[in-house]
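Only one structure is covered here, and it is reproduced in the block below.
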Amino acid sequence: MIIPTRQFGPVDIDDTKIISMPKGMPGFPGKERYILLSHEEIDPMITLQSVDDPELAFALMDPFLFLSDYPVEIERAVQEMKWAVETPEELFIYAIINASGDRPEEITANLSGPLLIHTGLNEGIQMIIADERYPVKHPIFPAQKEG
């Protein structure tokens, strides 16, 4: 199946890899089908591309790459989605990245709304973490102090 994307042009995807987000993404009603796209030029980030809207895509990153002690409680989301989890490796957590600035210190991660994806079921949910330690705009590459 070929889908149009704003960032990468037409992309041939395996439709068995489409991730359903039955609860949608907050602020994007009706957008429930996505695909994960990886490209060498944006590694270690990946793209969560809407299958239904070529203009809608999110940059994602493994939050443990920049915050090794990020304690994400996933049990409630797993129960809410009624997922059976056979092995922990079926679940992936991603932070949505905001890279709208042109300097590395302006790149931030949304730690209060991580995505949890069950790869065995190809389903996902955006979790909400109500903990002030995990902001919507956490700097990934904090500015270096001179001196």
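Residue names in the structure tokens use chain letters A, B, ... in the order shown, residue numbers from 1 in each chain, and ligand numbers from 1 in the order shown.
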For Phe64 of chain A, work out the shell of residues within 10 Å, counting only C-alpha atoms and skipping chain neighbours fewer than 4 positions away, then give it as an MDAnalysis selection string.
chainID A and resid 68:71 93:95
Could you write those residues out with C-alpha atoms, as a short mmCIF file (atom, residue, chain, number, x, y, z; two decimals), in the first residue's frame?
data_model
loop_
_atom_site.label_atom_id
_atom_site.label_comp_id
_atom_site.auth_asym_id
_atom_site.auth_seq_id
_atom_site.Cartn_x
_atom_site.Cartn_y
_atom_site.Cartn_z
CA SER A 68 17.42 6.70 31.77
CA ASP A 69 15.38 6.97 34.98
CA TYR A 70 12.03 7.85 33.35
CA PRO A 71 9.58 5.76 35.43
CA ILE A 93 7.31 3.57 24.94
CA TYR A 94 8.00 6.65 22.84
CA ALA A 95 8.15 10.35 23.65
#
Would you return as a PyMOL selection string the members of segment 3-139 of chain A that DSSP assigns to alpha helix (DSSP H) on this structure's backbone?
chain A and resi 75-81
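Nearest-residue note for Gln7 of chain A: choosing from A:Ile19, A:Ile129, A:Ile74, A:Ile42, the minimum distance belongs to A:Ile42, counting only C-alpha atoms.
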Write out as a short mmCIF file (atom, residue, chain, number, x, y, z; two decimals) with C-alpha atoms, in the first residue's frame each polymer residue whose atoms come within 12 Å of Pro63 of chain A, counting only C-alpha atoms; drop sequence neighbours fewer than 5 positions from it.
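Output below, filename result07.cif:
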data_model
loop_
_atom_site.label_atom_id
_atom_site.label_comp_id
_atom_site.auth_asym_id
_atom_site.auth_seq_id
_atom_site.Cartn_x
_atom_site.Cartn_y
_atom_site.Cartn_z
CA PRO A 44 17.47 7.89 16.55
CA MET A 45 14.10 9.53 15.94
CA SER A 68 17.42 6.70 31.77
CA ASP A 69 15.38 6.97 34.98
CA TYR A 70 12.03 7.85 33.35
CA PRO A 71 9.58 5.76 35.43
CA VAL A 72 6.55 5.15 33.25
CA PHE A 92 7.40 0.12 23.35
CA ILE A 93 7.31 3.57 24.94
CA TYR A 94 8.00 6.65 22.84
CA ALA A 95 8.15 10.35 23.65
CA ILE A 96 6.77 12.80 21.10
CA ILE A 97 9.55 15.16 20.03
CA THR A 108 12.14 18.98 23.47
CA ALA A 109 10.30 15.80 24.40
CA ASN A 110 6.77 15.48 25.75
CA LEU A 111 7.31 13.39 28.87
CA SER A 112 3.78 13.92 30.18
CA GLY A 113 2.14 12.27 27.16
CA PRO A 114 4.20 9.26 26.05
CA LEU A 115 2.94 6.75 23.51
CA LEU A 116 2.65 3.10 24.43
CA TYR A 134 7.76 15.17 33.57
CA HIS A 138 11.70 18.50 28.43
CA PRO A 139 14.98 19.59 26.74
CA ILE A 140 16.75 16.64 25.14
#
Mind listing the strand (DSSP E or B) residues of segment 20-137 of chain A, per DSSP on the backbone, as a PyMOL selection string?
chain A and resi 20+25+28+33-37+46-50+57-61+91-98+108-118+123-126
Looking at A:His118, A:His39, A:Arg33, A:Arg76, which one is nearest to Val51 of chain A, with distances taken over only C-alpha atoms?
A:Arg33
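Distances here use only C-alpha atoms; by that measure, the residue among A:Lys23, A:Leu65, A:Ile2, A:Ser100 closest to Glu80 of chain A is A:Lys23.
Atom pair atom CA of Asp52 of chain A / atom CA of Gly9 of chain A has a distance of 14.1 Å (rounded to one decimal).
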Distance query segment 10-18 of chain A at most 6 Å, only C-alpha atoms, self and fewer than 3 positions along chain excluded, as an NGL selection string:
:A and (1-5 or 34-35)
Can you write just those residues out, N, CA and C atoms, as a short mmCIF file (atom, residue, chain, number, x, y, z; two decimals), in the first residue's frame?
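Here's the written file again_22.cif:
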data_model
loop_
_atom_site.label_atom_id
_atom_site.label_comp_id
_atom_site.auth_asym_id
_atom_site.auth_seq_id
_atom_site.Cartn_x
_atom_site.Cartn_y
_atom_site.Cartn_z
N MET A 1 0.85 -1.17 0.00
CA MET A 1 0.00 0.00 0.00
C MET A 1 0.90 1.24 0.00
N ILE A 2 0.63 2.19 -0.86
CA ILE A 2 1.42 3.42 -0.92
C ILE A 2 0.61 4.54 -0.27
N ILE A 3 1.26 5.24 0.67
CA ILE A 3 0.61 6.38 1.31
C ILE A 3 1.44 7.64 1.04
N PRO A 4 0.77 8.77 0.87
CA PRO A 4 1.52 10.03 0.72
C PRO A 4 1.94 10.54 2.10
N THR A 5 3.14 11.13 2.15
CA THR A 5 3.60 11.77 3.38
C THR A 5 4.20 13.12 3.02
N TYR A 34 -1.95 4.71 12.06
CA TYR A 34 -0.60 5.26 11.93
C TYR A 34 0.37 4.15 11.52
N ILE A 35 1.52 4.58 11.04
CA ILE A 35 2.60 3.65 10.70
C ILE A 35 3.89 4.26 11.23
#
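Using only C-alpha atoms, the nearest neighbour of Glu55 of chain A within the list A:Gln126, A:Ser38, A:Lys31, A:Thr119 is A:Lys31.
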At what distance in Å, to one decimal, does atom CA of Glu106 of chain A lie from atom CA of Met21 of chain A?
28.7 Å
For Phe8 of chain A, which of A:Pro54, A:Gly124, A:Pro88, A:Pro104 is the closest residue, counting only C-alpha atoms?
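For Phe8 of chain A, the nearest of the candidates is A:Pro54.
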Out of A:Asn122, A:Asn98, A:Thr87, A:Ser20, which residue has the shortest atom-to-atom distance to Ser50 of chain A when counting only C-alpha atoms?
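Nearest candidate to Ser50 of chain A out of A:Asn122, A:Asn98, A:Thr87, A:Ser20: A:Ser20.
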